[in-house]
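Q: Have a look at the structure that comes next, please.
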Amino acid sequence: MKIALAQLTSGIDPAANASTIVSAIAEAAAAGAMMLFTPEMSGLVDRDRSRAAKVLCREEHDGVLAAVRAAAAEHRLWVHLGSLAVLGDDGRLANRAFVIDESGAIRARYDKLHLFDVDLPSGESWRESASYAPGQGAVVVESPVGALGLSICYDLRFADLYRALSDAGATVLAIPAAFTRPTGAAHWHILMRARAIEAAAYVVAAAQTGTHADGRATYGHSLVIDPWGEVVLDMGEAAGIGYAEIDPARVADVRARIPVLAHRRPIPEVASV
């Protein structure tokens, strides 16, 4: 099954970002892909909160989401919209992923569970929890590529989430991201490969890349990793569209060779001695 990944350098104009994604949907469909994956914050990358507040809105009014749904229906292509910033019921934002089917219907939503609050050695400081509410649950959805487990960016560092997703039947793990360059260079590839190996599942990680209009820089290197931990696709640093094949038989083969899912046991209480 052929999939497409859109590696983006999303900016501060949602309409321009929507146009880029719509073009990617048309290109991926013409290339014969069954599903397109986009990065975290596909609709807006802007750390100027005052400026961003002027365009952020509730899901039902989001122009990027509406444009992607319309394009998915027009081109009969499933889309995993890595995430959008949308206003929630409590006035805070949600970092929300969407799985959209070939009719343009939303099949699943997932709000990012783990929020990125860190001070990096480079001097960068991030406080995602200052604006965003954390999600409240994990999600697995049936898709053309199989049972798709949803996560977003910083979730990557929390292995328990991927254990829960694979226990729930996920054979493909979506990990859209906007990784910083320092953390990307240090940890991106090794953590992605670890998640694939632990779950004996494919990892599909569409990423933001390059220097954005708001001044931030992201790592790129959108990846597809197979269940054995082998890199099927690494898109490097250039924005664009990449393609890879997802083979359900590969999941079954790896899980038969090393049946880690079948061998999992509940973790007993830890004794302090």
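Convention: chains lettered A, B, ... in structure tokens order; per-chain residue numbering from 1; ligands numbered from 1 as shown.
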Using DSSP on the backbone, list every residue of region 25-208 of chain A that comes out as strand (DSSP E or B), and give them as a PDB file with C-alpha atoms, in the first residue's frame.

A:
ATOM      1  CA  MET A  35      -3.259   8.029   2.240  1.00  0.00           C
ATOM      2  CA  LEU A  36      -1.371  11.288   2.861  1.00  0.00           C
ATOM      3  CA  PHE A  37       0.255  12.172   6.198  1.00  0.00           C
ATOM      4  CA  ARG A  58     -12.923  26.347  16.943  1.00  0.00           C
ATOM      5  CA  TRP A  78      -7.548   9.548   3.010  1.00  0.00           C
ATOM      6  CA  VAL A  79      -5.586  12.194   4.911  1.00  0.00           C
ATOM      7  CA  HIS A  80      -3.985  12.134   8.333  1.00  0.00           C
ATOM      8  CA  LEU A  81      -3.843  15.838   9.149  1.00  0.00           C
ATOM      9  CA  GLY A  82      -0.997  15.691  11.645  1.00  0.00           C
ATOM     10  CA  SER A  83      -2.441  18.410  13.838  1.00  0.00           C
ATOM     11  CA  LEU A  84      -4.085  21.820  13.979  1.00  0.00           C
ATOM     12  CA  ALA A  85      -4.341  24.274  16.860  1.00  0.00           C
ATOM     13  CA  VAL A  86      -8.062  24.619  17.601  1.00  0.00           C
ATOM     14  CA  LEU A  87      -9.949  26.366  20.379  1.00  0.00           C
ATOM     15  CA  LEU A  93      -6.213  25.376  22.646  1.00  0.00           C
ATOM     16  CA  ALA A  94      -6.050  21.722  21.655  1.00  0.00           C
ATOM     17  CA  ASN A  95      -3.221  20.319  19.532  1.00  0.00           C
ATOM     18  CA  ARG A  96      -5.541  18.060  17.536  1.00  0.00           C
ATOM     19  CA  ALA A  97      -4.924  15.438  14.854  1.00  0.00           C
ATOM     20  CA  PHE A  98      -7.603  14.420  12.359  1.00  0.00           C
ATOM     21  CA  VAL A  99      -8.058  11.311  10.237  1.00  0.00           C
ATOM     22  CA  ILE A 100     -10.180  12.201   7.205  1.00  0.00           C
ATOM     23  CA  ILE A 106     -13.633  12.953   9.950  1.00  0.00           C
ATOM     24  CA  ARG A 107     -13.076   9.379  11.110  1.00  0.00           C
ATOM     25  CA  ALA A 108     -11.021  10.165  14.223  1.00  0.00           C
ATOM     26  CA  ARG A 109      -9.648  12.978  16.366  1.00  0.00           C
ATOM     27  CA  TYR A 110      -6.762  12.876  18.803  1.00  0.00           C
ATOM     28  CA  ASP A 111      -5.583  15.612  21.173  1.00  0.00           C
ATOM     29  CA  ASP A 117       7.511  22.283  28.514  1.00  0.00           C
ATOM     30  CA  VAL A 118      11.310  22.439  28.367  1.00  0.00           C
ATOM     31  CA  ASP A 119      14.368  24.673  28.521  1.00  0.00           C
ATOM     32  CA  SER A 125      12.381  27.640  25.936  1.00  0.00           C
ATOM     33  CA  TRP A 126       8.974  26.101  25.246  1.00  0.00           C
ATOM     34  CA  ARG A 127       5.855  26.140  27.422  1.00  0.00           C
ATOM     35  CA  TYR A 132      -2.775  24.133  25.350  1.00  0.00           C
ATOM     36  CA  VAL A 140      -6.744   3.761  17.225  1.00  0.00           C
ATOM     37  CA  VAL A 141      -8.701   4.098  13.969  1.00  0.00           C
ATOM     38  CA  GLU A 142      -9.184   1.755  11.017  1.00  0.00           C
ATOM     39  CA  SER A 143      -7.662   3.181   7.848  1.00  0.00           C
ATOM     40  CA  GLY A 146      -4.549  -0.805   8.756  1.00  0.00           C
ATOM     41  CA  ALA A 147      -5.234  -0.022  12.400  1.00  0.00           C
ATOM     42  CA  LEU A 148      -3.649   3.409  12.865  1.00  0.00           C
ATOM     43  CA  GLY A 149      -2.534   4.531  16.326  1.00  0.00           C
ATOM     44  CA  LEU A 150      -2.467   8.297  16.784  1.00  0.00           C
ATOM     45  CA  VAL A 172       0.848   1.558  12.096  1.00  0.00           C
ATOM     46  CA  LEU A 173       1.819   4.416  14.443  1.00  0.00           C
ATOM     47  CA  ALA A 174       1.407   8.002  13.240  1.00  0.00           C
ATOM     48  CA  ALA A 177       5.986  16.356  14.568  1.00  0.00           C
ATOM     49  CA  THR A 180      13.406  21.357  17.196  1.00  0.00           C
ATOM     50  CA  TYR A 202       5.243   0.711  11.160  1.00  0.00           C
ATOM     51  CA  VAL A 203       5.984   4.275  12.218  1.00  0.00           C
ATOM     52  CA  VAL A 204       4.921   7.111   9.910  1.00  0.00           C
ATOM     53  CA  ALA A 205       6.333  10.455  11.034  1.00  0.00           C
ATOM     54  CA  ALA A 207       7.585  16.461  10.035  1.00  0.00           C
ATOM     55  CA  GLN A 208       7.945  20.208   9.785  1.00  0.00           C
TER      56      GLN A 208
END

Q: Please give the complete set of residues from region 58-208 of chain A that DSSP, run on the backbone, assigns to helix (DSSP H, G or I), formatted as number ranges by chain.

A: A: 59-61, 63-75, 128-130, 153-157, 159-167, 181-199

Q: Would you list the contacts of region 17-29 of chain A as a list of chain:residue names, taking every protein, DNA or RNA residue within 6 Å and counting only C-alpha atoms, but skipping same-chain residues closer than 4 positions in sequence?

A: A:Ser10, A:Ala33, A:Gly43, A:Val64, A:Ala71

Q: For Gly215 (chain A), which of A:Arg76, A:Arg69, A:His187, A:Arg47 is the closest residue, counting only C-alpha atoms?

A: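 For Gly215 (chain A), the nearest of the given residues is A:Arg47.
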
Q: From the list A:Ile190, A:Val139, A:Leu233, A:Leu8, which residue is nearest His212 (chain A) when using only C-alpha atoms?

A: A:Leu8

Q: Which of these, A:Arg49, A:Lys2, A:Lys54, A:Arg255, has the shortest distance to Ile197 (chain A) once you count only C-alpha atoms?

A: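 Closest residue, counting only C-alpha atoms: A:Arg255.
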
Q: May I ask for the distance between CA of Gly220 (chain A) and CA of Glu245 (chain A), given in Å to one decimal place?

A: 19.9 Å

Q: Rounded to one decimal place, report the CA of Asp89 (chain A)-CA of Lys112 (chain A) distance in Å.

A: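 So the two atoms, CA of Asp89 (chain A) and CA of Lys112 (chain A), lie 15.7 Å apart.
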
Q: Measuring atom to atom with only C-alpha atoms, identify which of A:Gly210, A:Gly91, A:Pro144, A:Pro176 is nearest to Met41 (chain A).

A: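 The answer is A:Pro176, which sits nearest to Met41 (chain A).
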
Q: Considering only C-alpha atoms, return as a list in words whatever protein or nucleic-acid residues lie within 12 Å of Arg264 (chain A), sequence-local ones (same chain, fewer than 2 positions apart) excluded.

A: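 Skipping anything fewer than 2 positions along the chain leaves Arg163, Ala164, Ser166, Asp167, Glu198, Ala199, Ile258, Pro259, Val260, Leu261, Ala262, Pro266 and Ile267 of chain A.
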
Q: Calculated over only C-alpha atoms, which of the candidates A:Arg216, A:His75, A:Arg195, A:Arg181 has the smallest distance to Gly11 (chain A)?

A: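 Checking each of A:Arg216, A:His75, A:Arg195, A:Arg181 against Gly11 (chain A), counting only C-alpha atoms, the winner is A:Arg216.
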